[in-house]
Amino acid sequence: MKLKQLEGLLGDLEQFSNPKVELEQYPTGPHIASRMLFTAENSYGDITDKVVADFGCGCGTLSAAAALLDAACVIGYDIDTESLETATLNAEELEVEIDFVQCDITKLQLKGKIVDTVVMNPPFGTRKKGADMEFLSAAMKVASQAVYSLHKTSTREHIKRAALRDFNAKSAEVLCELRYDVPKLYKFHKRKEVDIAVDLWRFVPKQN
Amino acid sequence: MRLITHNMLSCNIKGVTNGFPLKIESVTVVEKEVDFNPDFLRHMFAKIEWKALVEGARSMGYEELPEDSPDASELESDDETFLRKLHHALLELHLEEGALVCPETGRKFPVNKGIPNMLLHEDEV
Ligand SMILES: C[S@@+](CC[C@H](N)C(=O)[O-])C[C@H]1O[C@@H](n2cnc3c(N)ncnc32)[C@H](O)[C@@H]1O
């Protein structure tokens with residue numbers, strides 16, 4: 001599948017109709033989502049024929065992108081019922097198979113080494129401090145191959161240090177810096193917060 | 001929810017030590033065909049918990065998997081019968097309605113519209 005085609009398909013997906021502020025529900029736009037998954041596959045071979053998990057999948061944009069790039073199995077995890085219902089409809093619309101699980105990803109311990117790759121756009125931790133780190137920690141425990149994640153550029157040094165020191169990463173690399181249009185979803189968003197700089201990271205866990 | 005997803009889930013209630021595998025109570029099971037990928041299945045076979053898969057498949061009405069985990073020669077053989085069964089059990093059976101039950105406490109995690117709800121109550125964390 002071509003990048004443009006992937007971006008087009010993702011652009012048609014339903015997104016949060018009633019975003020919940022406390023869960024930091026804003027979608028990954030089709031531009032970023034398509035590039036994130038495309039890079040993961042084309043530069044690293046981390047998606048096609050792999051088991052891909054999407055932590056905090058929301059309405060399932062990243063899950064859908066993984067499925068469209070022929071992951072062998074995609075599993076989306078989110079805490080929110082409504083988002084998962086929308087995600088299910090999105091998957092049906094695209095005619096892709098995705099399993100969804102409702103859970104608090106920071107409390108759920110997944111067993112075994114079945115998951116190859118985790119892709120995620122976690123809460124940035126602006127509402128619940130440290131949420132981004134909890135997601136990263138959980139992802140690094142589960143992935144046997146790689147973790148792709150978006151984090152605010154302003155936290156770059158902190159992320160790198162924590163990944164290498166605390167989360168068992170063999171490498172932690174910023175693949176690119178992106179402009180993230182967080183749509184003006186919430187009243188408290190001041191203008192300058194509408195467009196923020198985020199890093200696309202690739203983490204490789206140490207083999208145990 | 002498919003059995004590949006089930007193979008990773010356990011009951012995370014505080015204090016529970018034997019929360020795996022979750023028993024499956026099935027009300028509605030649907031089957032959807034997906035592409036057969038032998039290399040992927042061989043790779044997965046090494047990672048899955050066999051017993052959890054066999055029991056899960058059985059409670060969803062699929063009895064074709066052997067009780068004991070077959071050895072590697074069967075995976076490499078030209079006869080793909082076993083791999084086809086593994087494929088079906090792991091990737092084509094969906095639990096649509098039912099529950100996952102903690103083997104230690106009996107706590108039920110409902111499965112509605114294919115989505116297991118693993119959220120814990122406040123007094124369980
Ligand atoms: C920034 S949104 C990203 C949504 C989606 N991944 C996307 O790309 O469009 C973060 C998501 O994480 C979910 N979330 C927040 N806290 C969570 C938790 N503790 N466990 C699981 N999901 C959570 C929210 O419901 C929301 O869908």
# chains A, B, ... in the order shown; residues from 1 in each chain; ligands from 1

call {"tool": "closest_atom_pairs", "arguments": {"of": "chain B", "to": "chain A", "cutoff": "6 Å", "atoms": "only C-alpha atoms", "output": "Markdown table"}}
result
| residue | atom | partner | partner_atom | distance |
| --- | --- | --- | --- | --- |
| B:Met1 | CA | A:Asp99 | CA | 5.4 |
| B:Met8 | CA | A:Lys111 | CA | 4.5 |
| B:Leu9 | CA | A:Leu110 | CA | 5.7 |
| B:Lys47 | CA | A:Ile114 | CA | 5.9 |
| B:Ile115 | CA | A:Val101 | CA | 5.4 |
| B:Pro116 | CA | A:Val101 | CA | 5.4 |
| B:Asn117 | CA | A:Gln102 | CA | 4.8 |
| B:Met118 | CA | A:Cys103 | CA | 5.0 |
| B:Leu119 | CA | A:Cys103 | CA | 4.8 |

call {"tool": "residues_near_ligand", "arguments": {"ligand": "ligand 1", "cutoff": "9 Å", "atoms": "only C-alpha atoms and all ligand atoms", "output": "MDAnalysis selection string"}}
result
chainID A and resid 15:16 19:20 22:30 33 54:63 76:84 102:108 119:124 128 131 134:135

call {"tool": "atom_distance", "arguments": {"atom1": "CA of Ala65 (chain A)", "atom2": "CA of Leu91 (chain B)"}}
result
18.9 Å

call {"tool": "select_by_dssp", "arguments": {"residues": "chain B", "states": "strand (DSSP E or B)", "output": "number ranges by chain"}}
result
B: 23-31, 93-101, 108-112, 115-117

call {"tool": "residues_around", "arguments": {"residues": "Ala57 (chain B)", "least_positions_apart": "2", "cutoff": "10 Å", "atoms": "only C-alpha atoms", "output": "JSON, numbers by chain"}}
result
{"B": [2, 3, 24, 51, 52, 53, 54, 55, 59, 60, 61, 62, 63, 64, 65, 86, 88, 89, 90, 93]}

call {"tool": "write_last_selection", "arguments": {"atoms": "all heavy atoms", "output": "short mmCIF file (atom, residue, chain, number, x, y, z; two decimals), in the first residue's frame"}}
result
data_model
loop_
_atom_site.label_atom_id
_atom_site.label_comp_id
_atom_site.auth_asym_id
_atom_site.auth_seq_id
_atom_site.Cartn_x
_atom_site.Cartn_y
_atom_site.Cartn_z
N ARG B 2 -9.99 -12.87 20.12
CA ARG B 2 -9.50 -14.15 19.63
C ARG B 2 -8.58 -14.80 20.67
O ARG B 2 -8.14 -14.17 21.61
CB ARG B 2 -8.76 -13.96 18.31
CG ARG B 2 -9.71 -13.58 17.19
CD ARG B 2 -8.98 -13.25 15.92
NE ARG B 2 -8.31 -11.96 16.00
CZ ARG B 2 -7.65 -11.40 14.97
NH1 ARG B 2 -7.56 -12.03 13.83
NH2 ARG B 2 -7.09 -10.23 15.11
N LEU B 3 -8.24 -16.06 20.42
CA LEU B 3 -7.47 -16.79 21.43
C LEU B 3 -6.02 -16.32 21.51
O LEU B 3 -5.36 -16.52 22.53
CB LEU B 3 -7.56 -18.30 21.18
CG LEU B 3 -8.94 -18.88 21.57
CD1 LEU B 3 -9.06 -20.31 21.10
CD2 LEU B 3 -9.16 -18.78 23.09
N ILE B 24 -12.91 -19.57 29.80
CA ILE B 24 -13.82 -18.90 28.87
C ILE B 24 -15.22 -19.45 29.00
O ILE B 24 -15.43 -20.66 28.95
CB ILE B 24 -13.34 -19.06 27.41
CG1 ILE B 24 -11.99 -18.34 27.23
CG2 ILE B 24 -14.38 -18.51 26.44
CD1 ILE B 24 -11.42 -18.45 25.83
N LYS B 51 -1.51 -25.04 26.72
CA LYS B 51 -2.66 -25.49 27.48
C LYS B 51 -3.79 -24.45 27.47
O LYS B 51 -4.96 -24.79 27.32
CB LYS B 51 -2.22 -25.77 28.92
CG LYS B 51 -2.98 -26.88 29.59
CD LYS B 51 -2.22 -27.36 30.82
CE LYS B 51 -3.01 -27.33 32.09
NZ LYS B 51 -4.36 -27.69 32.16
N ALA B 52 -3.40 -23.19 27.62
CA ALA B 52 -4.39 -22.12 27.61
C ALA B 52 -5.13 -22.09 26.28
O ALA B 52 -6.34 -21.87 26.23
CB ALA B 52 -3.71 -20.77 27.86
N LEU B 53 -4.40 -22.34 25.21
CA LEU B 53 -5.01 -22.32 23.88
C LEU B 53 -5.98 -23.49 23.70
O LEU B 53 -7.11 -23.31 23.23
CB LEU B 53 -3.93 -22.37 22.80
CG LEU B 53 -4.46 -22.39 21.36
CD1 LEU B 53 -5.14 -21.07 21.01
CD2 LEU B 53 -3.35 -22.69 20.37
N VAL B 54 -5.53 -24.69 24.10
CA VAL B 54 -6.37 -25.87 23.93
C VAL B 54 -7.66 -25.73 24.73
O VAL B 54 -8.76 -25.96 24.21
CB VAL B 54 -5.63 -27.15 24.38
CG1 VAL B 54 -6.54 -28.36 24.31
CG2 VAL B 54 -4.39 -27.36 23.53
N GLU B 55 -7.52 -25.32 25.98
CA GLU B 55 -8.71 -25.19 26.83
C GLU B 55 -9.64 -24.10 26.31
O GLU B 55 -10.86 -24.26 26.30
CB GLU B 55 -8.31 -24.86 28.27
CG GLU B 55 -7.81 -26.06 29.02
CD GLU B 55 -7.24 -25.70 30.39
OE1 GLU B 55 -7.48 -24.54 30.84
OE2 GLU B 55 -6.59 -26.54 31.01
N SER B 59 -13.50 -24.55 25.03
CA SER B 59 -14.69 -23.88 25.58
C SER B 59 -15.40 -23.00 24.56
O SER B 59 -16.51 -22.56 24.79
CB SER B 59 -14.37 -23.10 26.86
OG SER B 59 -13.08 -22.60 26.82
N MET B 60 -14.75 -22.83 23.40
CA MET B 60 -15.44 -22.12 22.33
C MET B 60 -15.96 -23.10 21.29
O MET B 60 -16.34 -22.72 20.18
CB MET B 60 -14.51 -21.07 21.69
CG MET B 60 -14.32 -19.86 22.60
SD MET B 60 -12.93 -18.81 22.11
CE MET B 60 -13.58 -17.98 20.68
N GLY B 61 -15.94 -24.39 21.65
CA GLY B 61 -16.56 -25.39 20.78
C GLY B 61 -15.64 -25.98 19.72
O GLY B 61 -16.09 -26.70 18.84
N TYR B 62 -14.34 -25.71 19.81
CA TYR B 62 -13.41 -26.27 18.83
C TYR B 62 -12.52 -27.31 19.51
O TYR B 62 -11.70 -26.97 20.35
CB TYR B 62 -12.56 -25.14 18.21
CG TYR B 62 -11.66 -25.61 17.09
CD1 TYR B 62 -12.20 -26.02 15.87
CD2 TYR B 62 -10.28 -25.64 17.24
CE1 TYR B 62 -11.38 -26.46 14.83
CE2 TYR B 62 -9.45 -26.06 16.21
CZ TYR B 62 -10.01 -26.47 15.01
OH TYR B 62 -9.19 -26.90 13.99
N GLU B 63 -12.69 -28.57 19.12
CA GLU B 63 -12.07 -29.67 19.85
C GLU B 63 -10.91 -30.32 19.12
O GLU B 63 -10.44 -31.37 19.53
CB GLU B 63 -13.12 -30.76 20.13
CG GLU B 63 -14.47 -30.25 20.61
CD GLU B 63 -14.66 -30.48 22.11
OE1 GLU B 63 -13.80 -31.15 22.71
OE2 GLU B 63 -15.65 -29.98 22.65
N GLU B 64 -10.47 -29.72 18.04
CA GLU B 64 -9.52 -30.40 17.15
C GLU B 64 -8.05 -30.36 17.60
O GLU B 64 -7.22 -31.06 17.05
CB GLU B 64 -9.60 -29.81 15.74
CG GLU B 64 -10.99 -29.88 15.10
CD GLU B 64 -11.41 -31.30 14.80
OE1 GLU B 64 -10.60 -32.03 14.22
OE2 GLU B 64 -12.54 -31.68 15.19
N LEU B 65 -7.73 -29.51 18.56
CA LEU B 65 -6.31 -29.40 18.94
C LEU B 65 -5.91 -30.55 19.84
O LEU B 65 -6.67 -30.94 20.74
CB LEU B 65 -6.06 -28.08 19.67
CG LEU B 65 -6.25 -26.79 18.87
CD1 LEU B 65 -6.04 -25.58 19.79
CD2 LEU B 65 -5.30 -26.72 17.69
N LEU B 86 -4.09 -24.93 14.12
CA LEU B 86 -3.55 -23.86 14.96
C LEU B 86 -4.02 -22.50 14.45
O LEU B 86 -4.45 -21.63 15.22
CB LEU B 86 -2.01 -23.94 14.93
CG LEU B 86 -1.25 -22.88 15.72
CD1 LEU B 86 -1.57 -22.96 17.20
CD2 LEU B 86 0.27 -23.02 15.51
N HIS B 88 -6.70 -21.81 12.73
CA HIS B 88 -8.12 -21.62 13.01
C HIS B 88 -8.35 -21.23 14.47
O HIS B 88 -9.07 -20.28 14.78
CB HIS B 88 -8.89 -22.90 12.66
CG HIS B 88 -10.37 -22.74 12.78
ND1 HIS B 88 -11.10 -21.91 11.96
CD2 HIS B 88 -11.27 -23.28 13.65
CE1 HIS B 88 -12.38 -21.95 12.30
NE2 HIS B 88 -12.51 -22.77 13.34
N ALA B 89 -7.70 -21.96 15.37
CA ALA B 89 -7.91 -21.71 16.80
C ALA B 89 -7.40 -20.32 17.22
O ALA B 89 -8.06 -19.59 17.93
CB ALA B 89 -7.22 -22.80 17.63
N LEU B 90 -6.23 -19.97 16.73
CA LEU B 90 -5.61 -18.71 17.17
C LEU B 90 -6.25 -17.47 16.55
O LEU B 90 -6.39 -16.45 17.22
CB LEU B 90 -4.13 -18.69 16.75
CG LEU B 90 -3.05 -19.09 17.71
CD1 LEU B 90 -1.71 -18.78 17.06
CD2 LEU B 90 -3.15 -18.40 19.05
N LEU B 93 -11.33 -17.85 15.40
CA LEU B 93 -12.45 -17.96 16.35
C LEU B 93 -12.55 -16.67 17.15
O LEU B 93 -11.57 -16.22 17.73
CB LEU B 93 -12.21 -19.11 17.34
CG LEU B 93 -12.23 -20.53 16.81
CD1 LEU B 93 -11.84 -21.49 17.95
CD2 LEU B 93 -13.60 -20.89 16.25
#

call {"tool": "closest_residue", "arguments": {"among": "B:Glu25, B:Asn112, B:Pro38, B:Thr105", "to": "Asp78 (chain B)", "atoms": "only C-alpha atoms"}}
result
B:Pro38

call {"tool": "atom_distance", "arguments": {"atom1": "CA of Asp199 (chain A)", "atom2": "CA of Ile32 (chain A)"}}
result
10.7 Å

call {"tool": "closest_residue", "arguments": {"among": "A:Arg165, A:His151, A:Arg156, A:Lys170", "to": "Val198 (chain A)", "atoms": "only C-alpha atoms"}}
result
A:His151
